[in-house]
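> One structure follows; several queries about it will come next.
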Amino acid sequence: MRIALSQLTTGPDPERNLALLRSEAHRAADEGARVVVFPEAAMACFGTPLAPLAEPLDGPWATAVRRLAEETGLVVVAGMFTPAPDGKVANTLLATGPGVEASYDKIHLYDAFGFAESDTVAAGSEVVTIEVDGIGIGLATCYDVRFPELFRAHADAGAVLSLLPASWGAGPGKREQWELLTRARALDATLWLAAVGQADPAASGTGPADGAATSPAPTGIGHSAIIGPDGTVRRSLGAGPGTLLADVDPDEVAAVRRAIPVLANRRLNKTS
């Protein structure tokens, strides 16, 4: 199955961001992709007041994404914000397209490195997987990558691929952590991992080069990658905008799990 990872920089305007997604989705379809994955906060970038722009899953923004999926024949996965109790929002992944309609609310909130996502975002609680052409796919978001049990839960649910949209915070050592964590999650769950981040705003020409130093809001560093179930990086991007196309082979997951049966060899309860 061919997937497209669309590394882009979104701004504060959901309508302008939707136009960007539309252009990128049509490009992915032209390249033969079956699934196109956009970053976390594709609806609107962090640093924007989220509650005023949050919409339900049957609202105009999500409806437009569904229409885009219908136009292109793709399964589209994109980060948005939906209303939550107490004036907060949920950091939601919408997955929609032929035979697929699901959403995942980010479980692990980014309360780290001077940023408190939980001030405005309510945590999700449900592990979510989808199926595309018989291939099980798990959904995760950004900071989730620091919690290996979620990706093992994807594997336990039958997934051979995890999608990880992100808007990774910049700072000393953060790129190295991103690269290490994404490879580790692929290897310790022995599945493909598709990690697609917001492009670095500076590399996109939409923000100052020292923007990360003046605001703790995570606005992206780029370096999206597709990682095999053996933990090796198969393809990756740099800091700026771009599209990464990759063919995911579920048979490779089975082969790696035979050679490195870490899931089968676990001694702890699989749900722990």
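FYI, nothing fancy with the structure tokens labels: chains A, B, ... in order, residues from 1 per chain, ligands from 1 as they appear.
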Residues of region 83-147 of chain A that approach region 168-172 of chain A to 12 Å or less, counting only C-alpha atoms: could you list each one with the shortest pair of atoms and its distance in Å to one decimal, rows by chain and increasing residue number, as a tab-separated table?


```
residue	atom	partner	partner_atom	distance
A:Tyr110	CA	A:Gly169	CA	9.5
A:Asp111	CA	A:Gly169	CA	11.4
A:Ala112	CA	A:Gly169	CA	9.7
A:Phe113	CA	A:Gly169	CA	8.4
A:Gly114	CA	A:Gly169	CA	10.3
A:Phe115	CA	A:Gly169	CA	9.2
A:Glu117	CA	A:Gly169	CA	11.8
A:Thr141	CA	A:Trp168	CA	10.0
A:Cys142	CA	A:Trp168	CA	6.6
A:Tyr143	CA	A:Trp168	CA	8.0
A:Asp144	CA	A:Trp168	CA	11.2
A:Val145	CA	A:Trp168	CA	10.7
```

> Can you write just those residues out, C-alpha atoms, as a PDB file, in the first residue's frame?


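See selection-v4.pdb below for the written result:
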```pdb
ATOM      1  CA  TYR A 110       2.448  17.762  25.741  1.00  0.00           C
ATOM      2  CA  ASP A 111       3.091  19.139  29.213  1.00  0.00           C
ATOM      3  CA  ALA A 112       6.838  19.417  28.778  1.00  0.00           C
ATOM      4  CA  PHE A 113       9.641  21.763  27.754  1.00  0.00           C
ATOM      5  CA  GLY A 114       7.763  24.806  29.067  1.00  0.00           C
ATOM      6  CA  PHE A 115       4.500  24.133  27.205  1.00  0.00           C
ATOM      7  CA  GLU A 117      -1.044  21.472  26.286  1.00  0.00           C
ATOM      8  CA  THR A 141      -0.190  11.953  17.740  1.00  0.00           C
ATOM      9  CA  CYS A 142       3.144  13.645  18.453  1.00  0.00           C
ATOM     10  CA  TYR A 143       3.910  13.348  22.214  1.00  0.00           C
ATOM     11  CA  ASP A 144       2.344   9.873  22.146  1.00  0.00           C
ATOM     12  CA  VAL A 145       5.631   8.702  20.638  1.00  0.00           C
TER      13      VAL A 145
END
```

> List the neighbours of Ala203 (chain A) out to 10 Å using only C-alpha atoms; skip same-chain residues closer than 6 positions along the sequence, and give me the result as a PyMOL selection string.

chain A and resi 9+209+221-222+238-241

> Grab the residues selected above and save them as a PDB file, in the first residue's frame with all heavy atoms.


```
ATOM      1  N   THR A   9       3.578  23.441   6.529  1.00  0.00           N
ATOM      2  CA  THR A   9       3.434  24.379   7.648  1.00  0.00           C
ATOM      3  C   THR A   9       2.069  25.022   7.558  1.00  0.00           C
ATOM      4  O   THR A   9       1.750  25.692   6.578  1.00  0.00           O
ATOM      5  CB  THR A   9       4.514  25.471   7.602  1.00  0.00           C
ATOM      6  OG1 THR A   9       5.802  24.867   7.765  1.00  0.00           O
ATOM      7  CG2 THR A   9       4.314  26.471   8.733  1.00  0.00           C
ATOM      8  N   ALA A 209      13.697  32.482  12.081  1.00  0.00           N
ATOM      9  CA  ALA A 209      14.591  31.362  12.350  1.00  0.00           C
ATOM     10  C   ALA A 209      14.708  31.078  13.838  1.00  0.00           C
ATOM     11  O   ALA A 209      14.951  29.950  14.246  1.00  0.00           O
ATOM     12  CB  ALA A 209      15.979  31.630  11.761  1.00  0.00           C
ATOM     13  N   ILE A 221       9.435  20.869  13.259  1.00  0.00           N
ATOM     14  CA  ILE A 221      10.839  20.873  12.849  1.00  0.00           C
ATOM     15  C   ILE A 221      11.043  20.102  11.541  1.00  0.00           C
ATOM     16  O   ILE A 221      12.161  19.996  11.054  1.00  0.00           O
ATOM     17  CB  ILE A 221      11.755  20.272  13.927  1.00  0.00           C
ATOM     18  CG1 ILE A 221      11.432  18.789  14.159  1.00  0.00           C
ATOM     19  CG2 ILE A 221      11.653  21.060  15.232  1.00  0.00           C
ATOM     20  CD1 ILE A 221      12.487  18.039  14.958  1.00  0.00           C
ATOM     21  N   GLY A 222       9.967  19.538  10.982  1.00  0.00           N
ATOM     22  CA  GLY A 222      10.119  18.726   9.782  1.00  0.00           C
ATOM     23  C   GLY A 222      10.671  17.349  10.104  1.00  0.00           C
ATOM     24  O   GLY A 222      10.361  16.754  11.122  1.00  0.00           O
ATOM     25  N   GLY A 238      13.829  16.585   4.982  1.00  0.00           N
ATOM     26  CA  GLY A 238      14.564  17.570   5.763  1.00  0.00           C
ATOM     27  C   GLY A 238      13.619  18.464   6.539  1.00  0.00           C
ATOM     28  O   GLY A 238      12.505  18.073   6.893  1.00  0.00           O
ATOM     29  N   ALA A 239      14.038  19.703   6.767  1.00  0.00           N
ATOM     30  CA  ALA A 239      13.258  20.616   7.602  1.00  0.00           C
ATOM     31  C   ALA A 239      12.104  21.277   6.850  1.00  0.00           C
ATOM     32  O   ALA A 239      11.093  21.625   7.450  1.00  0.00           O
ATOM     33  CB  ALA A 239      14.171  21.689   8.189  1.00  0.00           C
ATOM     34  N   GLY A 240      12.264  21.472   5.555  1.00  0.00           N
ATOM     35  CA  GLY A 240      11.295  22.241   4.795  1.00  0.00           C
ATOM     36  C   GLY A 240      10.128  21.422   4.290  1.00  0.00           C
ATOM     37  O   GLY A 240      10.067  20.203   4.465  1.00  0.00           O
ATOM     38  N   PRO A 241       9.160  22.075   3.635  1.00  0.00           N
ATOM     39  CA  PRO A 241       7.984  21.380   3.111  1.00  0.00           C
ATOM     40  C   PRO A 241       8.363  20.328   2.077  1.00  0.00           C
ATOM     41  O   PRO A 241       9.352  20.464   1.348  1.00  0.00           O
ATOM     42  CB  PRO A 241       7.164  22.505   2.471  1.00  0.00           C
ATOM     43  CG  PRO A 241       7.655  23.755   3.112  1.00  0.00           C
ATOM     44  CD  PRO A 241       9.103  23.529   3.404  1.00  0.00           C
TER      45      PRO A 241
END
```

> Using only C-alpha atoms, determine which residues lie at most 12 Å from Leu181 (chain A), disregarding the query and same-chain residues fewer than 2 positions distant; provide the list as a list in words.

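Skipping anything fewer than 2 positions along the chain leaves Cys142, Tyr143, Asp144, Val145, Arg146, Phe147, Pro148, Phe151, Leu164, Lys174, Arg175, Glu176, Gln177, Trp178, Glu179, Arg183, Ala184, Arg185, Ala186, Leu187, Asp188, Leu193, Ala195, Ala225, Ile227, Gly231 and Val233 of chain A.
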
> Using only C-alpha atoms, which protein or nucleic acid residues come within 12 Å of Pro250 (chain A)? Drop anything in the same chain fewer than 3 positions from it, and give the result as a VMD selection string.

chain A and resid 1 to 2 132 to 137 158 to 162 190 to 193 228 to 229 247 253 to 257

> Can I get the selection written as a PDB file, in the first residue's frame, with N, CA and C atoms?


```pdb
ATOM      1  N   MET A   1       0.850  -1.192   0.000  1.00  0.00           N
ATOM      2  CA  MET A   1       0.000   0.000   0.000  1.00  0.00           C
ATOM      3  C   MET A   1       0.881   1.235   0.000  1.00  0.00           C
ATOM      4  N   ARG A   2       0.610   2.142  -0.913  1.00  0.00           N
ATOM      5  CA  ARG A   2       1.395   3.377  -0.990  1.00  0.00           C
ATOM      6  C   ARG A   2       0.756   4.451  -0.120  1.00  0.00           C
ATOM      7  N   VAL A 132      -7.450  -0.314   6.154  1.00  0.00           N
ATOM      8  CA  VAL A 132      -7.470   0.145   4.772  1.00  0.00           C
ATOM      9  C   VAL A 132      -6.978  -1.001   3.884  1.00  0.00           C
ATOM     10  N   ASP A 133      -7.826  -1.470   3.003  1.00  0.00           N
ATOM     11  CA  ASP A 133      -7.475  -2.563   2.099  1.00  0.00           C
ATOM     12  C   ASP A 133      -6.939  -3.772   2.865  1.00  0.00           C
ATOM     13  N   GLY A 134      -7.555  -4.062   4.006  1.00  0.00           N
ATOM     14  CA  GLY A 134      -7.165  -5.220   4.795  1.00  0.00           C
ATOM     15  C   GLY A 134      -5.944  -5.020   5.664  1.00  0.00           C
ATOM     16  N   ILE A 135      -5.390  -3.802   5.680  1.00  0.00           N
ATOM     17  CA  ILE A 135      -4.187  -3.510   6.466  1.00  0.00           C
ATOM     18  C   ILE A 135      -4.583  -2.726   7.707  1.00  0.00           C
ATOM     19  N   GLY A 136      -4.225  -3.247   8.883  1.00  0.00           N
ATOM     20  CA  GLY A 136      -4.523  -2.574  10.132  1.00  0.00           C
ATOM     21  C   GLY A 136      -3.566  -1.419  10.384  1.00  0.00           C
ATOM     22  N   ILE A 137      -4.122  -0.273  10.782  1.00  0.00           N
ATOM     23  CA  ILE A 137      -3.341   0.955  10.957  1.00  0.00           C
ATOM     24  C   ILE A 137      -3.725   1.584  12.288  1.00  0.00           C
ATOM     25  N   GLY A 158      -3.870  -5.680  15.902  1.00  0.00           N
ATOM     26  CA  GLY A 158      -3.716  -6.169  14.540  1.00  0.00           C
ATOM     27  C   GLY A 158      -3.059  -5.206  13.571  1.00  0.00           C
ATOM     28  N   ALA A 159      -2.602  -4.058  14.054  1.00  0.00           N
ATOM     29  CA  ALA A 159      -1.983  -3.078  13.159  1.00  0.00           C
ATOM     30  C   ALA A 159      -0.589  -3.523  12.727  1.00  0.00           C
ATOM     31  N   VAL A 160      -0.261  -3.229  11.482  1.00  0.00           N
ATOM     32  CA  VAL A 160       1.103  -3.425  10.988  1.00  0.00           C
ATOM     33  C   VAL A 160       1.748  -2.083  10.634  1.00  0.00           C
ATOM     34  N   LEU A 161       1.000  -1.010  10.838  1.00  0.00           N
ATOM     35  CA  LEU A 161       1.462   0.344  10.545  1.00  0.00           C
ATOM     36  C   LEU A 161       0.859   1.288  11.575  1.00  0.00           C
ATOM     37  N   SER A 162       1.683   2.177  12.124  1.00  0.00           N
ATOM     38  CA  SER A 162       1.175   3.259  12.966  1.00  0.00           C
ATOM     39  C   SER A 162       1.430   4.580  12.259  1.00  0.00           C
ATOM     40  N   THR A 190       7.448  -3.679  16.438  1.00  0.00           N
ATOM     41  CA  THR A 190       7.708  -4.370  15.170  1.00  0.00           C
ATOM     42  C   THR A 190       6.602  -4.106  14.151  1.00  0.00           C
ATOM     43  N   LEU A 191       6.447  -2.808  13.832  1.00  0.00           N
ATOM     44  CA  LEU A 191       5.511  -2.397  12.792  1.00  0.00           C
ATOM     45  C   LEU A 191       6.102  -1.219  12.019  1.00  0.00           C
ATOM     46  N   TRP A 192       5.511  -0.945  10.866  1.00  0.00           N
ATOM     47  CA  TRP A 192       5.883   0.252  10.127  1.00  0.00           C
ATOM     48  C   TRP A 192       5.414   1.483  10.911  1.00  0.00           C
ATOM     49  N   LEU A 193       6.209   2.531  10.881  1.00  0.00           N
ATOM     50  CA  LEU A 193       5.798   3.782  11.516  1.00  0.00           C
ATOM     51  C   LEU A 193       5.982   4.924  10.519  1.00  0.00           C
ATOM     52  N   GLY A 228      10.830   1.246   8.933  1.00  0.00           N
ATOM     53  CA  GLY A 228      10.436  -0.143   8.796  1.00  0.00           C
ATOM     54  C   GLY A 228      10.276  -0.823  10.143  1.00  0.00           C
ATOM     55  N   PRO A 229       9.667  -2.013  10.157  1.00  0.00           N
ATOM     56  CA  PRO A 229       9.441  -2.723  11.411  1.00  0.00           C
ATOM     57  C   PRO A 229      10.712  -3.215  12.085  1.00  0.00           C
ATOM     58  N   ASP A 247       5.969   2.768  -0.020  1.00  0.00           N
ATOM     59  CA  ASP A 247       5.166   1.569  -0.166  1.00  0.00           C
ATOM     60  C   ASP A 247       5.351   0.694   1.071  1.00  0.00           C
ATOM     61  N   VAL A 253       6.397  -7.071   8.027  1.00  0.00           N
ATOM     62  CA  VAL A 253       6.097  -7.095   9.461  1.00  0.00           C
ATOM     63  C   VAL A 253       6.092  -8.527   9.968  1.00  0.00           C
ATOM     64  N   ALA A 254       5.431  -9.408   9.237  1.00  0.00           N
ATOM     65  CA  ALA A 254       5.378 -10.817   9.645  1.00  0.00           C
ATOM     66  C   ALA A 254       6.778 -11.411   9.713  1.00  0.00           C
ATOM     67  N   ALA A 255       7.631 -11.074   8.738  1.00  0.00           N
ATOM     68  CA  ALA A 255       8.989 -11.615   8.733  1.00  0.00           C
ATOM     69  C   ALA A 255       9.796 -11.106   9.919  1.00  0.00           C
ATOM     70  N   VAL A 256       9.675  -9.815  10.219  1.00  0.00           N
ATOM     71  CA  VAL A 256      10.413  -9.254  11.349  1.00  0.00           C
ATOM     72  C   VAL A 256       9.908  -9.835  12.663  1.00  0.00           C
ATOM     73  N   ARG A 257       8.603 -10.022  12.767  1.00  0.00           N
ATOM     74  CA  ARG A 257       8.054 -10.578  14.014  1.00  0.00           C
ATOM     75  C   ARG A 257       8.457 -12.029  14.217  1.00  0.00           C
TER      76      ARG A 257
END
```

> Mind checking which residues fall within 12 Å of Val89 (chain A), counting only C-alpha atoms, ignoring those fewer than 6 positions away in the same chain, and posting them as a list of chain:residue names?

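Here the qualifying residues turn out to be A:Pro49, A:Leu50, A:Ala51, A:Pro52, A:Leu53, A:Ala54, A:Glu55, A:Pro56, A:Met80, A:Phe81, A:Thr82, A:Pro83, A:Asp105, A:Lys106, A:Leu109, A:Glu117, A:Ser118, A:Asp119, A:Thr120, A:Val121, A:Ala122, A:Ala123, A:Gly124.
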
> Please produce a file of those selected residues containing C-alpha atoms, as a short mmCIF file (atom, residue, chain, number, x, y, z; two decimals), in the first residue's frame.


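Writing the result to part-v8.cif gives the following:
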```
data_model
loop_
_atom_site.label_atom_id
_atom_site.label_comp_id
_atom_site.auth_asym_id
_atom_site.auth_seq_id
_atom_site.Cartn_x
_atom_site.Cartn_y
_atom_site.Cartn_z
CA PRO A 49 -6.41 30.31 20.35
CA LEU A 50 -7.94 26.88 19.83
CA ALA A 51 -11.37 27.02 21.50
CA PRO A 52 -12.84 29.64 19.11
CA LEU A 53 -11.96 27.60 16.02
CA ALA A 54 -12.70 24.07 17.27
CA GLU A 55 -15.47 22.32 15.35
CA PRO A 56 -17.31 19.02 15.82
CA MET A 80 -7.87 19.09 13.87
CA PHE A 81 -9.41 20.40 17.09
CA THR A 82 -12.87 19.43 18.32
CA PRO A 83 -14.86 20.87 21.26
CA ASP A 105 -8.23 12.05 20.44
CA LYS A 106 -4.62 12.46 21.56
CA LEU A 109 -0.69 15.72 26.24
CA GLU A 117 -1.04 21.47 26.29
CA SER A 118 -3.39 20.34 29.06
CA ASP A 119 -4.24 23.97 29.85
CA THR A 120 -6.40 24.07 26.72
CA VAL A 121 -6.68 20.46 25.54
CA ALA A 122 -8.58 17.54 27.09
CA ALA A 123 -6.88 14.15 26.92
CA GLY A 124 -8.37 11.26 25.00
#
```

> Check the smallest atom-to-atom distance from each of A:Gly59, A:Pro218, A:Pro261, A:Pro39 to Ser6 (chain A) using only C-alpha atoms, then report the winner.

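Comparing A:Gly59, A:Pro218, A:Pro261, A:Pro39 against Ser6 (chain A), the winner is A:Pro39.
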
> Might you pull out every residue within 12 Å of region 63-69 of chain A, with only C-alpha atoms counted and same-chain residues fewer than 2 positions away left off, and present them as a PyMOL selection string?

chain A and resi 14-15+17-26+28-29+33-38+42-43+55-61+71-80+93-102

> Go ahead and dump the residues you just picked, N, CA and C atoms, as a short mmCIF file (atom, residue, chain, number, x, y, z; two decimals), in the first residue's frame.


```
data_model
loop_
_atom_site.label_atom_id
_atom_site.label_comp_id
_atom_site.auth_asym_id
_atom_site.auth_seq_id
_atom_site.Cartn_x
_atom_site.Cartn_y
_atom_site.Cartn_z
N PRO A 14 -8.04 28.19 9.43
CA PRO A 14 -8.43 26.86 8.96
C PRO A 14 -8.77 26.79 7.48
N GLU A 15 -9.39 27.83 6.93
CA GLU A 15 -9.76 27.80 5.51
C GLU A 15 -8.53 27.80 4.61
N ASN A 17 -5.60 26.74 5.45
CA ASN A 17 -4.95 25.45 5.64
C ASN A 17 -5.67 24.36 4.85
N LEU A 18 -6.98 24.44 4.77
CA LEU A 18 -7.75 23.47 4.00
C LEU A 18 -7.38 23.53 2.52
N ALA A 19 -7.16 24.72 2.02
CA ALA A 19 -6.74 24.85 0.62
C ALA A 19 -5.39 24.19 0.39
N LEU A 20 -4.50 24.31 1.38
CA LEU A 20 -3.20 23.67 1.28
C LEU A 20 -3.34 22.15 1.29
N LEU A 21 -4.18 21.64 2.15
CA LEU A 21 -4.43 20.19 2.19
C LEU A 21 -5.01 19.70 0.88
N ARG A 22 -5.90 20.49 0.30
CA ARG A 22 -6.53 20.08 -0.96
C ARG A 22 -5.48 19.92 -2.07
N SER A 23 -4.61 20.89 -2.17
CA SER A 23 -3.55 20.83 -3.19
C SER A 23 -2.66 19.61 -2.98
N GLU A 24 -2.27 19.38 -1.73
CA GLU A 24 -1.36 18.27 -1.43
C GLU A 24 -2.03 16.91 -1.62
N ALA A 25 -3.31 16.81 -1.28
CA ALA A 25 -4.01 15.54 -1.45
C ALA A 25 -4.13 15.17 -2.93
N HIS A 26 -4.44 16.13 -3.76
CA HIS A 26 -4.53 15.84 -5.19
C HIS A 26 -3.16 15.43 -5.75
N ALA A 28 -0.86 13.84 -4.03
CA ALA A 28 -0.65 12.47 -3.55
C ALA A 28 -1.44 11.46 -4.38
N ALA A 29 -2.67 11.81 -4.73
CA ALA A 29 -3.47 10.92 -5.56
C ALA A 29 -2.84 10.71 -6.92
N ALA A 33 -0.93 7.28 -4.39
CA ALA A 33 -1.09 6.97 -2.97
C ALA A 33 -2.50 6.45 -2.69
N ARG A 34 -2.60 5.65 -1.66
CA ARG A 34 -3.91 5.17 -1.17
C ARG A 34 -4.32 5.94 0.08
N VAL A 35 -3.32 6.38 0.84
CA VAL A 35 -3.54 7.13 2.08
C VAL A 35 -2.64 8.36 2.05
N VAL A 36 -3.18 9.51 2.44
CA VAL A 36 -2.35 10.70 2.62
C VAL A 36 -2.48 11.15 4.07
N VAL A 37 -1.35 11.43 4.70
CA VAL A 37 -1.32 11.78 6.12
C VAL A 37 -0.77 13.19 6.27
N PHE A 38 -1.54 14.03 6.94
CA PHE A 38 -1.12 15.40 7.22
C PHE A 38 -0.72 15.52 8.69
N ALA A 42 -3.15 20.33 11.59
CA ALA A 42 -3.34 20.72 10.19
C ALA A 42 -4.46 21.75 10.06
N MET A 43 -5.42 21.71 10.95
CA MET A 43 -6.53 22.66 10.92
C MET A 43 -6.06 24.08 11.26
N GLU A 55 -14.19 22.70 15.98
CA GLU A 55 -15.47 22.32 15.35
C GLU A 55 -15.73 20.84 15.60
N PRO A 56 -17.00 20.45 15.68
CA PRO A 56 -17.31 19.02 15.82
C PRO A 56 -16.96 18.25 14.55
N LEU A 57 -16.97 16.93 14.68
CA LEU A 57 -16.60 16.08 13.55
C LEU A 57 -17.60 16.14 12.40
N ASP A 58 -18.78 16.69 12.65
CA ASP A 58 -19.72 16.91 11.55
C ASP A 58 -19.78 18.38 11.14
N GLY A 59 -18.78 19.16 11.57
CA GLY A 59 -18.74 20.58 11.24
C GLY A 59 -18.17 20.83 9.86
N PRO A 60 -18.07 22.10 9.47
CA PRO A 60 -17.67 22.45 8.10
C PRO A 60 -16.26 21.99 7.73
N TRP A 61 -15.30 22.10 8.66
CA TRP A 61 -13.92 21.76 8.30
C TRP A 61 -13.79 20.27 8.04
N GLU A 71 -13.23 13.28 -3.45
CA GLU A 71 -12.70 13.78 -4.72
C GLU A 71 -11.49 12.98 -5.19
N THR A 72 -10.63 12.63 -4.26
CA THR A 72 -9.35 12.03 -4.60
C THR A 72 -9.36 10.51 -4.53
N GLY A 73 -10.37 9.94 -3.84
CA GLY A 73 -10.38 8.51 -3.62
C GLY A 73 -9.39 8.05 -2.57
N LEU A 74 -8.85 8.98 -1.80
CA LEU A 74 -7.85 8.67 -0.78
C LEU A 74 -8.50 8.53 0.59
N VAL A 75 -7.83 7.80 1.47
CA VAL A 75 -8.07 7.93 2.89
C VAL A 75 -7.21 9.09 3.38
N VAL A 76 -7.84 10.09 3.97
CA VAL A 76 -7.14 11.29 4.43
C VAL A 76 -7.09 11.27 5.96
N VAL A 77 -5.91 11.50 6.50
CA VAL A 77 -5.71 11.59 7.95
C VAL A 77 -5.15 12.97 8.25
N ALA A 78 -5.83 13.74 9.09
CA ALA A 78 -5.41 15.11 9.35
C ALA A 78 -5.74 15.51 10.78
N GLY A 79 -4.86 16.32 11.37
CA GLY A 79 -5.07 16.79 12.72
C GLY A 79 -5.98 18.01 12.77
N MET A 80 -6.95 17.98 13.70
CA MET A 80 -7.87 19.09 13.87
C MET A 80 -8.17 19.25 15.36
N LEU A 93 -7.36 13.46 15.56
CA LEU A 93 -7.03 13.02 14.21
C LEU A 93 -8.32 12.54 13.55
N LEU A 94 -8.62 13.10 12.42
CA LEU A 94 -9.72 12.62 11.59
C LEU A 94 -9.16 11.71 10.51
N ALA A 95 -9.72 10.52 10.41
CA ALA A 95 -9.35 9.57 9.35
C ALA A 95 -10.60 9.27 8.56
N THR A 96 -10.59 9.65 7.29
CA THR A 96 -11.81 9.52 6.50
C THR A 96 -11.48 9.21 5.05
N GLY A 97 -12.35 8.45 4.43
CA GLY A 97 -12.16 8.09 3.03
C GLY A 97 -12.95 6.83 2.72
N PRO A 98 -12.76 6.26 1.54
CA PRO A 98 -13.53 5.07 1.15
C PRO A 98 -13.41 3.95 2.18
N GLY A 99 -14.51 3.61 2.81
CA GLY A 99 -14.53 2.53 3.78
C GLY A 99 -13.99 2.87 5.14
N VAL A 100 -13.62 4.13 5.37
CA VAL A 100 -12.99 4.53 6.64
C VAL A 100 -13.66 5.78 7.17
N GLU A 101 -14.04 5.75 8.43
CA GLU A 101 -14.52 6.94 9.13
C GLU A 101 -14.22 6.74 10.62
N ALA A 102 -13.21 7.45 11.11
CA ALA A 102 -12.78 7.27 12.50
C ALA A 102 -12.12 8.55 12.98
#
```

> Can you work out the spacing between CA of Ala155 (chain A) and CA of Gly220 (chain A) in Å, to one decimal?

27.2 Å

> Among the residues of region 21-181 of chain A, find those DSSP assigns to helix (DSSP H, G or I) from the backbone and print them as a count of residues only.

51

> Compare A:Thr243, A:Thr182, A:Ser204, A:Asn265 by their minimum atom-to-atom distance to Asp230 (chain A), counting only C-alpha atoms, and give me the closest one.

A:Thr182

> Between A:Thr219, A:Leu268, A:Ile130, A:Ala199, which is the closest to Thr48 (chain A) once you count only C-alpha atoms?

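The answer is A:Thr219, which sits nearest to Thr48 (chain A).
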
> Measuring atom to atom with only C-alpha atoms, identify which of A:Val262, A:Leu8, A:Ala194, A:Leu245 is nearest to Asp156 (chain A).

A:Val262

> What separation in Å, quoted to one decimal, exists between CA of Glu149 (chain A) and CA of Ala62 (chain A)?

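Straight-line distance from CA of Glu149 (chain A) to CA of Ala62 (chain A) works out to 29.1 Å.
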
> For Val196 (chain A), which residue among A:Gln7, A:Thr92, A:Ser125, A:Ser236 is the nearest when counting only C-alpha atoms?

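With only C-alpha atoms as the atom set, the closest residue is A:Gln7.
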